[in-house]
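Structure file target03.cif; described as mmCIF, N, CA and C atoms.
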data_protein
loop_
_atom_site.label_atom_id
_atom_site.label_comp_id
_atom_site.auth_asym_id
_atom_site.auth_seq_id
_atom_site.Cartn_x
_atom_site.Cartn_y
_atom_site.Cartn_z
N LYS R 147 -2.11 23.99 5.49
CA LYS R 147 -1.05 23.81 4.50
C LYS R 147 -1.48 22.76 3.47
N LYS R 148 -1.19 23.02 2.21
CA LYS R 148 -1.53 22.08 1.15
C LYS R 148 -0.68 20.82 1.26
N LEU R 149 -1.31 19.69 0.98
CA LEU R 149 -0.54 18.45 0.94
C LEU R 149 0.37 18.41 -0.27
N LEU R 150 -0.08 19.00 -1.35
CA LEU R 150 0.69 18.97 -2.58
C LEU R 150 0.65 20.34 -3.21
N ASP R 151 1.78 20.93 -3.39
CA ASP R 151 1.88 22.21 -4.07
C ASP R 151 1.94 21.93 -5.56
N LEU R 152 0.85 22.21 -6.28
CA LEU R 152 0.76 21.85 -7.69
C LEU R 152 1.81 22.56 -8.55
N GLU R 153 2.15 23.79 -8.22
CA GLU R 153 3.18 24.48 -8.98
C GLU R 153 4.52 23.75 -8.85
N GLU R 154 4.85 23.33 -7.63
CA GLU R 154 6.10 22.60 -7.41
C GLU R 154 6.06 21.25 -8.12
N PHE R 155 4.92 20.59 -8.09
CA PHE R 155 4.73 19.31 -8.79
C PHE R 155 5.02 19.48 -10.28
N HIS R 156 4.43 20.49 -10.89
CA HIS R 156 4.64 20.73 -12.33
C HIS R 156 6.09 21.12 -12.63
N ARG R 157 6.70 21.89 -11.75
CA ARG R 157 8.09 22.29 -11.94
C ARG R 157 9.01 21.07 -11.95
N GLN R 158 8.77 20.17 -11.00
CA GLN R 158 9.61 18.97 -10.93
C GLN R 158 9.44 18.08 -12.15
N ILE R 159 8.23 17.95 -12.63
CA ILE R 159 8.00 17.14 -13.84
C ILE R 159 8.70 17.77 -15.03
N ARG R 160 8.59 19.09 -15.18
CA ARG R 160 9.19 19.76 -16.34
C ARG R 160 10.69 19.52 -16.42
N PHE R 161 11.36 19.39 -15.28
CA PHE R 161 12.81 19.25 -15.29
C PHE R 161 13.28 17.80 -15.10
N SER R 162 12.37 16.86 -15.25
CA SER R 162 12.72 15.45 -15.12
C SER R 162 12.76 14.79 -16.49
N GLU R 163 13.62 13.82 -16.64
CA GLU R 163 13.66 13.04 -17.88
C GLU R 163 12.72 11.85 -17.79
N ASN R 164 12.62 11.27 -16.61
CA ASN R 164 11.76 10.11 -16.39
C ASN R 164 10.84 10.40 -15.21
N VAL R 165 9.57 10.10 -15.38
CA VAL R 165 8.60 10.31 -14.31
C VAL R 165 7.79 9.03 -14.14
N ASP R 166 7.76 8.52 -12.91
CA ASP R 166 6.92 7.38 -12.56
C ASP R 166 5.79 7.89 -11.68
N LEU R 167 4.58 7.64 -12.11
CA LEU R 167 3.39 8.11 -11.41
C LEU R 167 2.55 6.90 -11.01
N CYS R 168 2.25 6.78 -9.71
CA CYS R 168 1.43 5.67 -9.23
C CYS R 168 0.20 6.21 -8.52
N PHE R 169 -0.95 5.68 -8.89
CA PHE R 169 -2.19 6.01 -8.21
C PHE R 169 -2.46 4.93 -7.16
N LEU R 170 -2.57 5.33 -5.90
CA LEU R 170 -2.92 4.45 -4.79
C LEU R 170 -4.37 4.76 -4.43
N VAL R 171 -5.26 3.76 -4.58
CA VAL R 171 -6.69 4.02 -4.49
C VAL R 171 -7.38 3.08 -3.52
N ASP R 172 -8.26 3.65 -2.74
CA ASP R 172 -9.15 2.90 -1.84
C ASP R 172 -10.20 2.20 -2.70
N CYS R 173 -10.14 0.88 -2.75
CA CYS R 173 -11.11 0.08 -3.52
C CYS R 173 -11.99 -0.75 -2.60
N THR R 174 -12.26 -0.21 -1.41
CA THR R 174 -13.09 -0.91 -0.44
C THR R 174 -14.56 -0.68 -0.75
N GLY R 175 -15.39 -1.46 -0.11
CA GLY R 175 -16.83 -1.36 -0.32
C GLY R 175 -17.39 0.03 -0.02
N SER R 176 -16.75 0.75 0.89
CA SER R 176 -17.23 2.10 1.21
C SER R 176 -17.09 3.06 0.04
N MET R 177 -16.32 2.68 -0.96
CA MET R 177 -16.12 3.51 -2.15
C MET R 177 -17.13 3.20 -3.25
N ARG R 178 -18.06 2.31 -2.99
CA ARG R 178 -19.01 1.85 -4.01
C ARG R 178 -19.67 3.00 -4.77
N ARG R 179 -20.13 4.02 -4.05
CA ARG R 179 -20.82 5.13 -4.71
C ARG R 179 -19.86 6.11 -5.39
N ALA R 180 -18.59 6.09 -5.01
CA ALA R 180 -17.65 7.09 -5.52
C ALA R 180 -16.67 6.55 -6.55
N ILE R 181 -16.56 5.24 -6.70
CA ILE R 181 -15.48 4.68 -7.51
C ILE R 181 -15.56 5.11 -8.98
N ALA R 182 -16.75 5.26 -9.52
CA ALA R 182 -16.87 5.70 -10.92
C ALA R 182 -16.28 7.10 -11.09
N THR R 183 -16.54 7.98 -10.14
CA THR R 183 -15.99 9.34 -10.19
C THR R 183 -14.48 9.31 -10.01
N VAL R 184 -14.01 8.48 -9.10
CA VAL R 184 -12.56 8.35 -8.89
C VAL R 184 -11.88 7.90 -10.18
N LYS R 185 -12.44 6.89 -10.85
CA LYS R 185 -11.85 6.39 -12.09
C LYS R 185 -11.86 7.46 -13.18
N THR R 186 -12.95 8.22 -13.28
CA THR R 186 -13.02 9.31 -14.25
C THR R 186 -11.96 10.36 -13.97
N ASN R 187 -11.79 10.71 -12.71
CA ASN R 187 -10.79 11.72 -12.35
C ASN R 187 -9.36 11.23 -12.56
N ILE R 188 -9.11 9.96 -12.29
CA ILE R 188 -7.78 9.40 -12.56
C ILE R 188 -7.48 9.46 -14.05
N ARG R 189 -8.43 9.05 -14.87
CA ARG R 189 -8.23 9.09 -16.32
C ARG R 189 -7.96 10.52 -16.79
N ALA R 190 -8.74 11.48 -16.28
CA ALA R 190 -8.58 12.87 -16.70
C ALA R 190 -7.24 13.45 -16.25
N LEU R 191 -6.86 13.17 -15.00
CA LEU R 191 -5.58 13.67 -14.50
C LEU R 191 -4.42 13.08 -15.28
N TYR R 192 -4.45 11.77 -15.50
CA TYR R 192 -3.37 11.13 -16.25
C TYR R 192 -3.30 11.68 -17.68
N ALA R 193 -4.44 11.85 -18.33
CA ALA R 193 -4.46 12.38 -19.70
C ALA R 193 -3.86 13.78 -19.74
N ARG R 194 -4.19 14.58 -18.74
CA ARG R 194 -3.64 15.95 -18.70
C ARG R 194 -2.13 15.94 -18.49
N ILE R 195 -1.67 15.11 -17.58
CA ILE R 195 -0.22 15.01 -17.35
C ILE R 195 0.47 14.49 -18.59
N ARG R 196 -0.08 13.46 -19.20
CA ARG R 196 0.50 12.90 -20.43
C ARG R 196 0.58 13.96 -21.53
N GLU R 197 -0.50 14.71 -21.70
CA GLU R 197 -0.55 15.75 -22.73
C GLU R 197 0.49 16.84 -22.49
N GLN R 198 0.63 17.26 -21.25
CA GLN R 198 1.54 18.35 -20.93
C GLN R 198 3.01 17.96 -20.96
N TYR R 199 3.32 16.71 -20.62
CA TYR R 199 4.72 16.37 -20.38
C TYR R 199 5.30 15.27 -21.25
N SER R 200 4.52 14.64 -22.09
CA SER R 200 5.03 13.50 -22.85
C SER R 200 6.14 13.90 -23.83
N LYS R 201 6.18 15.14 -24.24
CA LYS R 201 7.23 15.57 -25.17
C LYS R 201 8.55 15.88 -24.46
N THR R 202 8.48 16.09 -23.13
CA THR R 202 9.68 16.49 -22.40
C THR R 202 10.23 15.40 -21.49
N CYS R 203 9.44 14.35 -21.24
CA CYS R 203 9.93 13.30 -20.34
C CYS R 203 9.26 11.97 -20.68
N HIS R 204 9.87 10.90 -20.20
CA HIS R 204 9.30 9.57 -20.35
C HIS R 204 8.43 9.31 -19.13
N LEU R 205 7.12 9.14 -19.35
CA LEU R 205 6.16 8.99 -18.28
C LEU R 205 5.67 7.55 -18.22
N ARG R 206 5.79 6.96 -17.02
CA ARG R 206 5.21 5.64 -16.77
C ARG R 206 4.18 5.78 -15.67
N VAL R 207 3.14 4.95 -15.74
CA VAL R 207 2.06 5.03 -14.77
C VAL R 207 1.77 3.64 -14.22
N ALA R 208 1.40 3.60 -12.94
CA ALA R 208 1.03 2.34 -12.28
C ALA R 208 -0.22 2.59 -11.44
N PHE R 209 -0.80 1.49 -10.97
CA PHE R 209 -2.01 1.58 -10.15
C PHE R 209 -1.94 0.53 -9.06
N VAL R 210 -2.26 0.94 -7.84
CA VAL R 210 -2.40 0.00 -6.72
C VAL R 210 -3.71 0.34 -6.02
N GLY R 211 -4.58 -0.65 -5.92
CA GLY R 211 -5.83 -0.49 -5.20
C GLY R 211 -5.85 -1.43 -4.01
N TYR R 212 -6.22 -0.90 -2.87
CA TYR R 212 -6.27 -1.75 -1.67
C TYR R 212 -7.73 -1.93 -1.25
N THR R 213 -7.99 -3.01 -0.53
CA THR R 213 -9.33 -3.33 -0.08
C THR R 213 -9.32 -3.52 1.45
N ASP R 214 -10.38 -4.11 1.96
CA ASP R 214 -10.47 -4.40 3.39
C ASP R 214 -9.64 -5.64 3.73
N PHE R 215 -9.28 -5.78 5.00
CA PHE R 215 -8.52 -6.93 5.46
C PHE R 215 -9.26 -8.25 5.24
N ASP R 216 -10.59 -8.22 5.22
CA ASP R 216 -11.34 -9.46 5.08
C ASP R 216 -11.39 -9.99 3.65
N VAL R 217 -10.91 -9.22 2.69
CA VAL R 217 -10.85 -9.69 1.29
C VAL R 217 -9.58 -10.51 1.14
N LYS R 218 -9.73 -11.73 0.65
CA LYS R 218 -8.61 -12.67 0.56
C LYS R 218 -7.82 -12.48 -0.74
N PRO R 219 -6.51 -12.75 -0.69
CA PRO R 219 -5.68 -12.70 -1.90
C PRO R 219 -6.24 -13.65 -2.95
N PRO R 220 -6.12 -13.36 -4.21
CA PRO R 220 -5.38 -12.23 -4.79
C PRO R 220 -6.23 -10.97 -4.98
N ASN R 221 -7.46 -10.96 -4.49
CA ASN R 221 -8.35 -9.82 -4.72
C ASN R 221 -8.14 -8.66 -3.75
N ASN R 222 -7.30 -8.84 -2.75
CA ASN R 222 -7.14 -7.80 -1.74
C ASN R 222 -6.32 -6.60 -2.20
N ILE R 223 -5.35 -6.83 -3.08
CA ILE R 223 -4.53 -5.76 -3.63
C ILE R 223 -4.56 -5.88 -5.15
N LYS R 224 -4.99 -4.83 -5.81
CA LYS R 224 -5.08 -4.80 -7.26
C LYS R 224 -3.90 -3.97 -7.78
N THR R 225 -3.03 -4.59 -8.58
CA THR R 225 -1.80 -3.91 -8.99
C THR R 225 -1.61 -3.96 -10.50
N LEU R 226 -1.33 -2.80 -11.06
CA LEU R 226 -0.84 -2.71 -12.43
C LEU R 226 0.57 -2.16 -12.33
N LYS R 227 1.54 -2.94 -12.77
CA LYS R 227 2.93 -2.48 -12.74
C LYS R 227 3.11 -1.33 -13.72
N PHE R 228 4.19 -0.60 -13.57
CA PHE R 228 4.44 0.56 -14.42
C PHE R 228 4.37 0.21 -15.89
N THR R 229 3.71 1.08 -16.63
CA THR R 229 3.60 0.94 -18.08
C THR R 229 3.64 2.32 -18.71
N ASP R 230 4.09 2.38 -19.93
CA ASP R 230 3.99 3.63 -20.69
C ASP R 230 2.95 3.50 -21.79
N ASP R 231 2.16 2.43 -21.71
CA ASP R 231 1.09 2.19 -22.68
C ASP R 231 -0.23 2.72 -22.10
N ASP R 232 -0.70 3.81 -22.67
CA ASP R 232 -1.92 4.44 -22.17
C ASP R 232 -3.11 3.50 -22.16
N GLN R 233 -3.26 2.71 -23.21
CA GLN R 233 -4.44 1.84 -23.31
C GLN R 233 -4.44 0.76 -22.23
N ILE R 234 -3.27 0.21 -21.94
CA ILE R 234 -3.18 -0.79 -20.87
C ILE R 234 -3.62 -0.16 -19.55
N PHE R 235 -3.16 1.05 -19.28
CA PHE R 235 -3.54 1.74 -18.04
C PHE R 235 -5.05 2.02 -18.01
N TYR R 236 -5.57 2.59 -19.08
CA TYR R 236 -7.01 2.91 -19.12
C TYR R 236 -7.87 1.65 -18.98
N ASP R 237 -7.49 0.58 -19.66
CA ASP R 237 -8.26 -0.67 -19.56
C ASP R 237 -8.26 -1.20 -18.12
N PHE R 238 -7.10 -1.14 -17.46
CA PHE R 238 -7.01 -1.61 -16.08
C PHE R 238 -7.90 -0.78 -15.16
N VAL R 239 -7.81 0.53 -15.28
CA VAL R 239 -8.63 1.42 -14.44
C VAL R 239 -10.11 1.17 -14.68
N ASP R 240 -10.49 1.00 -15.93
CA ASP R 240 -11.90 0.77 -16.26
C ASP R 240 -12.45 -0.48 -15.59
N LYS R 241 -11.60 -1.49 -15.38
CA LYS R 241 -12.05 -2.77 -14.82
C LYS R 241 -12.03 -2.81 -13.29
N ILE R 242 -11.54 -1.76 -12.66
CA ILE R 242 -11.47 -1.75 -11.19
C ILE R 242 -12.87 -1.81 -10.60
N LYS R 243 -13.03 -2.69 -9.63
CA LYS R 243 -14.29 -2.82 -8.89
C LYS R 243 -13.94 -2.77 -7.40
N VAL R 244 -14.91 -2.40 -6.60
CA VAL R 244 -14.69 -2.37 -5.16
C VAL R 244 -14.93 -3.76 -4.58
N ASP R 245 -14.26 -4.06 -3.48
CA ASP R 245 -14.41 -5.33 -2.76
C ASP R 245 -14.54 -5.03 -1.28
N GLY R 246 -15.17 -5.95 -0.58
CA GLY R 246 -15.33 -5.77 0.85
C GLY R 246 -16.64 -5.07 1.14
N GLY R 247 -16.86 -4.81 2.36
CA GLY R 247 -18.10 -4.14 2.72
C GLY R 247 -18.18 -3.93 4.20
N GLY R 248 -19.28 -3.41 4.62
CA GLY R 248 -19.43 -3.14 6.03
C GLY R 248 -18.44 -2.09 6.48
N ASP R 249 -18.02 -2.21 7.69
CA ASP R 249 -17.08 -1.23 8.24
C ASP R 249 -15.80 -1.91 8.69
N ASN R 250 -15.35 -2.88 7.90
CA ASN R 250 -14.12 -3.60 8.24
C ASN R 250 -12.90 -2.70 8.05
N PRO R 251 -11.83 -2.97 8.78
CA PRO R 251 -10.61 -2.17 8.62
C PRO R 251 -10.04 -2.29 7.21
N GLU R 252 -9.55 -1.18 6.72
CA GLU R 252 -8.98 -1.12 5.38
C GLU R 252 -7.48 -1.42 5.42
N ASP R 253 -7.01 -2.10 4.40
CA ASP R 253 -5.61 -2.50 4.35
C ASP R 253 -4.77 -1.45 3.61
N VAL R 254 -4.74 -0.24 4.16
CA VAL R 254 -3.97 0.83 3.56
C VAL R 254 -2.49 0.48 3.53
N MET R 255 -1.99 -0.09 4.62
CA MET R 255 -0.57 -0.46 4.67
C MET R 255 -0.22 -1.51 3.62
N GLY R 256 -1.15 -2.44 3.36
CA GLY R 256 -0.93 -3.41 2.30
C GLY R 256 -0.80 -2.73 0.94
N GLY R 257 -1.61 -1.69 0.72
CA GLY R 257 -1.51 -0.92 -0.52
C GLY R 257 -0.19 -0.19 -0.62
N LEU R 258 0.23 0.44 0.47
CA LEU R 258 1.52 1.13 0.47
C LEU R 258 2.68 0.16 0.25
N GLU R 259 2.60 -1.00 0.91
CA GLU R 259 3.64 -2.01 0.74
C GLU R 259 3.72 -2.47 -0.71
N ALA R 260 2.57 -2.71 -1.32
CA ALA R 260 2.55 -3.12 -2.73
C ALA R 260 3.13 -2.03 -3.62
N MET R 261 2.78 -0.80 -3.33
CA MET R 261 3.29 0.31 -4.11
C MET R 261 4.81 0.40 -4.01
N LEU R 262 5.33 0.20 -2.81
CA LEU R 262 6.77 0.34 -2.61
C LEU R 262 7.57 -0.85 -3.10
N TYR R 263 7.05 -2.07 -2.92
CA TYR R 263 7.85 -3.26 -3.15
C TYR R 263 7.46 -4.11 -4.36
N ARG R 264 6.27 -3.91 -4.90
CA ARG R 264 5.85 -4.70 -6.06
C ARG R 264 6.09 -3.96 -7.37
N LEU R 265 6.39 -2.68 -7.29
CA LEU R 265 6.60 -1.89 -8.50
C LEU R 265 8.09 -1.67 -8.73
N ASP R 266 8.47 -1.52 -9.98
CA ASP R 266 9.88 -1.35 -10.33
C ASP R 266 10.23 0.15 -10.45
N TRP R 267 10.33 0.78 -9.30
CA TRP R 267 10.66 2.21 -9.25
C TRP R 267 12.05 2.44 -9.79
#
Full structure transcribed into structure tokens:
Amino acid sequence: KKLLDLEEFHRQIRFSENVDLCFLVDCTGSMRRAIATVKTNIRALYARIREQYSKTCHLRVAFVGYTDFDVKPPNNIKTLKFTDDDQIFYDFVDKIKVDGGGDNPEDVMGGLEAMLYRLDW
């Protein structure tokens, strides 16, 4: 079963007045080889959503990146609060770097917590 039914996703956006979109991203050292591709895909996906829906709804975007438990605050969770300014979002994504290394446990729950409680949904 698909995790996300894209047709349903598009249908819901089309009938919404306000859409908040948050990217939750693994920014651990294990992503070192993949992070450039992840950032490119995030930019492309956001641009496509913005292009398709900006005339029918107000779209805001946020970013939360989590790292390993051994990375100390404030570098452990990277957060961009919701914005409707494309350039602010793109600049933030462009500056994302990975932290941590080895095979330390990842702070996925810290990322989820930041997404739920640090953003103004």
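Checking R:Ala180, R:Val239, R:Leu191, R:Ala208 one by one against Leu167 (chain R), counting only C-alpha atoms, you find the shortest gap at R:Ala208.
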Inset, instruction - Select, from R:Leu262, R:Phe215, R:Thr225, R:Glu197, the residue with the minimum atom-to-atom distance to Asn250 (chain R), counting all atoms listed in the file. - result: R:Phe215
Inset, instruction - Please write as a ChimeraX atom specification the full residue list that the PyMOL selection byres (((chain R and resi 210 and name CA) around 7) and name CA) yields on this file. - result: /R:169-171,208-209,211-212,223-226,257,261
Inset, instruction - Apply the PyMOL selection byres ((chain R and resi 214) around 7) to the file shown and report the selected residues as a ChimeraX atom specification. - result: /R:173-175,212-213,215-218,222,245-247,250-253
Inset, instruction - List, as number ranges by chain, every residue that the PyMOL selection byres ((chain R and resi 163) around 8) selects in the file provided. - result: R: 158-162, 164-166, 202-205
Inset, instruction - Go ahead and compute the interatomic distance for CA of Gln198 (chain R) and atom C of Arg157 (chain R), in Å to one decimal. - result: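 Atom-to-atom, CA of Gln198 (chain R) to atom C of Arg157 (chain R), that is 12.0 Å.
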Padding of 4 Å on every side, edges along x, y and z, all listed atoms of region 216-219 of chain R included: what centre and edge lengths in Å, to one decimal, does that box have, as lines of an AutoDock Vina configuration file?
center_x = -8.5
center_y = -10.9
center_z = 1.1
size_x = 13.7
size_y = 13.4
size_z = 16.2
DSSP-assigned strand (DSSP E) members of chain R, reported as a short mmCIF file (atom, residue, chain, number, x, y, z; two decimals) with N, CA and C atoms, in the frame of the given file:
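Wrote it out as out.cif, contents follow:
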data_model
loop_
_atom_site.label_atom_id
_atom_site.label_comp_id
_atom_site.auth_asym_id
_atom_site.auth_seq_id
_atom_site.Cartn_x
_atom_site.Cartn_y
_atom_site.Cartn_z
N ASN R 164 12.62 11.27 -16.61
CA ASN R 164 11.76 10.11 -16.39
C ASN R 164 10.84 10.40 -15.21
N VAL R 165 9.57 10.10 -15.38
CA VAL R 165 8.60 10.31 -14.31
C VAL R 165 7.79 9.03 -14.14
N ASP R 166 7.76 8.52 -12.91
CA ASP R 166 6.92 7.38 -12.56
C ASP R 166 5.79 7.89 -11.68
N LEU R 167 4.58 7.64 -12.11
CA LEU R 167 3.39 8.11 -11.41
C LEU R 167 2.55 6.90 -11.01
N CYS R 168 2.25 6.78 -9.71
CA CYS R 168 1.43 5.67 -9.23
C CYS R 168 0.20 6.21 -8.52
N PHE R 169 -0.95 5.68 -8.89
CA PHE R 169 -2.19 6.01 -8.21
C PHE R 169 -2.46 4.93 -7.16
N LEU R 170 -2.57 5.33 -5.90
CA LEU R 170 -2.92 4.45 -4.79
C LEU R 170 -4.37 4.76 -4.43
N VAL R 171 -5.26 3.76 -4.58
CA VAL R 171 -6.69 4.02 -4.49
C VAL R 171 -7.38 3.08 -3.52
N ASP R 172 -8.26 3.65 -2.74
CA ASP R 172 -9.15 2.90 -1.84
C ASP R 172 -10.20 2.20 -2.70
N HIS R 204 9.87 10.90 -20.20
CA HIS R 204 9.30 9.57 -20.35
C HIS R 204 8.43 9.31 -19.13
N LEU R 205 7.12 9.14 -19.35
CA LEU R 205 6.16 8.99 -18.28
C LEU R 205 5.67 7.55 -18.22
N ARG R 206 5.79 6.96 -17.02
CA ARG R 206 5.21 5.64 -16.77
C ARG R 206 4.18 5.78 -15.67
N VAL R 207 3.14 4.95 -15.74
CA VAL R 207 2.06 5.03 -14.77
C VAL R 207 1.77 3.64 -14.22
N ALA R 208 1.40 3.60 -12.94
CA ALA R 208 1.03 2.34 -12.28
C ALA R 208 -0.22 2.59 -11.44
N PHE R 209 -0.80 1.49 -10.97
CA PHE R 209 -2.01 1.58 -10.15
C PHE R 209 -1.94 0.53 -9.06
N VAL R 210 -2.26 0.94 -7.84
CA VAL R 210 -2.40 0.00 -6.72
C VAL R 210 -3.71 0.34 -6.02
N GLY R 211 -4.58 -0.65 -5.92
CA GLY R 211 -5.83 -0.49 -5.20
C GLY R 211 -5.85 -1.43 -4.01
N TYR R 212 -6.22 -0.90 -2.87
CA TYR R 212 -6.27 -1.75 -1.67
C TYR R 212 -7.73 -1.93 -1.25
N ILE R 223 -5.35 -6.83 -3.08
CA ILE R 223 -4.53 -5.76 -3.63
C ILE R 223 -4.56 -5.88 -5.15
N LYS R 224 -4.99 -4.83 -5.81
CA LYS R 224 -5.08 -4.80 -7.26
C LYS R 224 -3.90 -3.97 -7.78
N THR R 225 -3.03 -4.59 -8.58
CA THR R 225 -1.80 -3.91 -8.99
C THR R 225 -1.61 -3.96 -10.50
N LEU R 226 -1.33 -2.80 -11.06
CA LEU R 226 -0.84 -2.71 -12.43
C LEU R 226 0.57 -2.16 -12.33
N LYS R 227 1.54 -2.94 -12.77
CA LYS R 227 2.93 -2.48 -12.74
C LYS R 227 3.11 -1.33 -13.72
N PHE R 228 4.19 -0.60 -13.57
CA PHE R 228 4.44 0.56 -14.42
C PHE R 228 4.37 0.21 -15.89
N THR R 229 3.71 1.08 -16.63
CA THR R 229 3.60 0.94 -18.08
C THR R 229 3.64 2.32 -18.71
#
Legend entry - For atom C of Met177 (chain R) and CA of Lys243 (chain R), the interatomic separation in Å (one decimal):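 Computed distance, atom C of Met177 (chain R) to CA of Lys243 (chain R), equals 8.7 Å.
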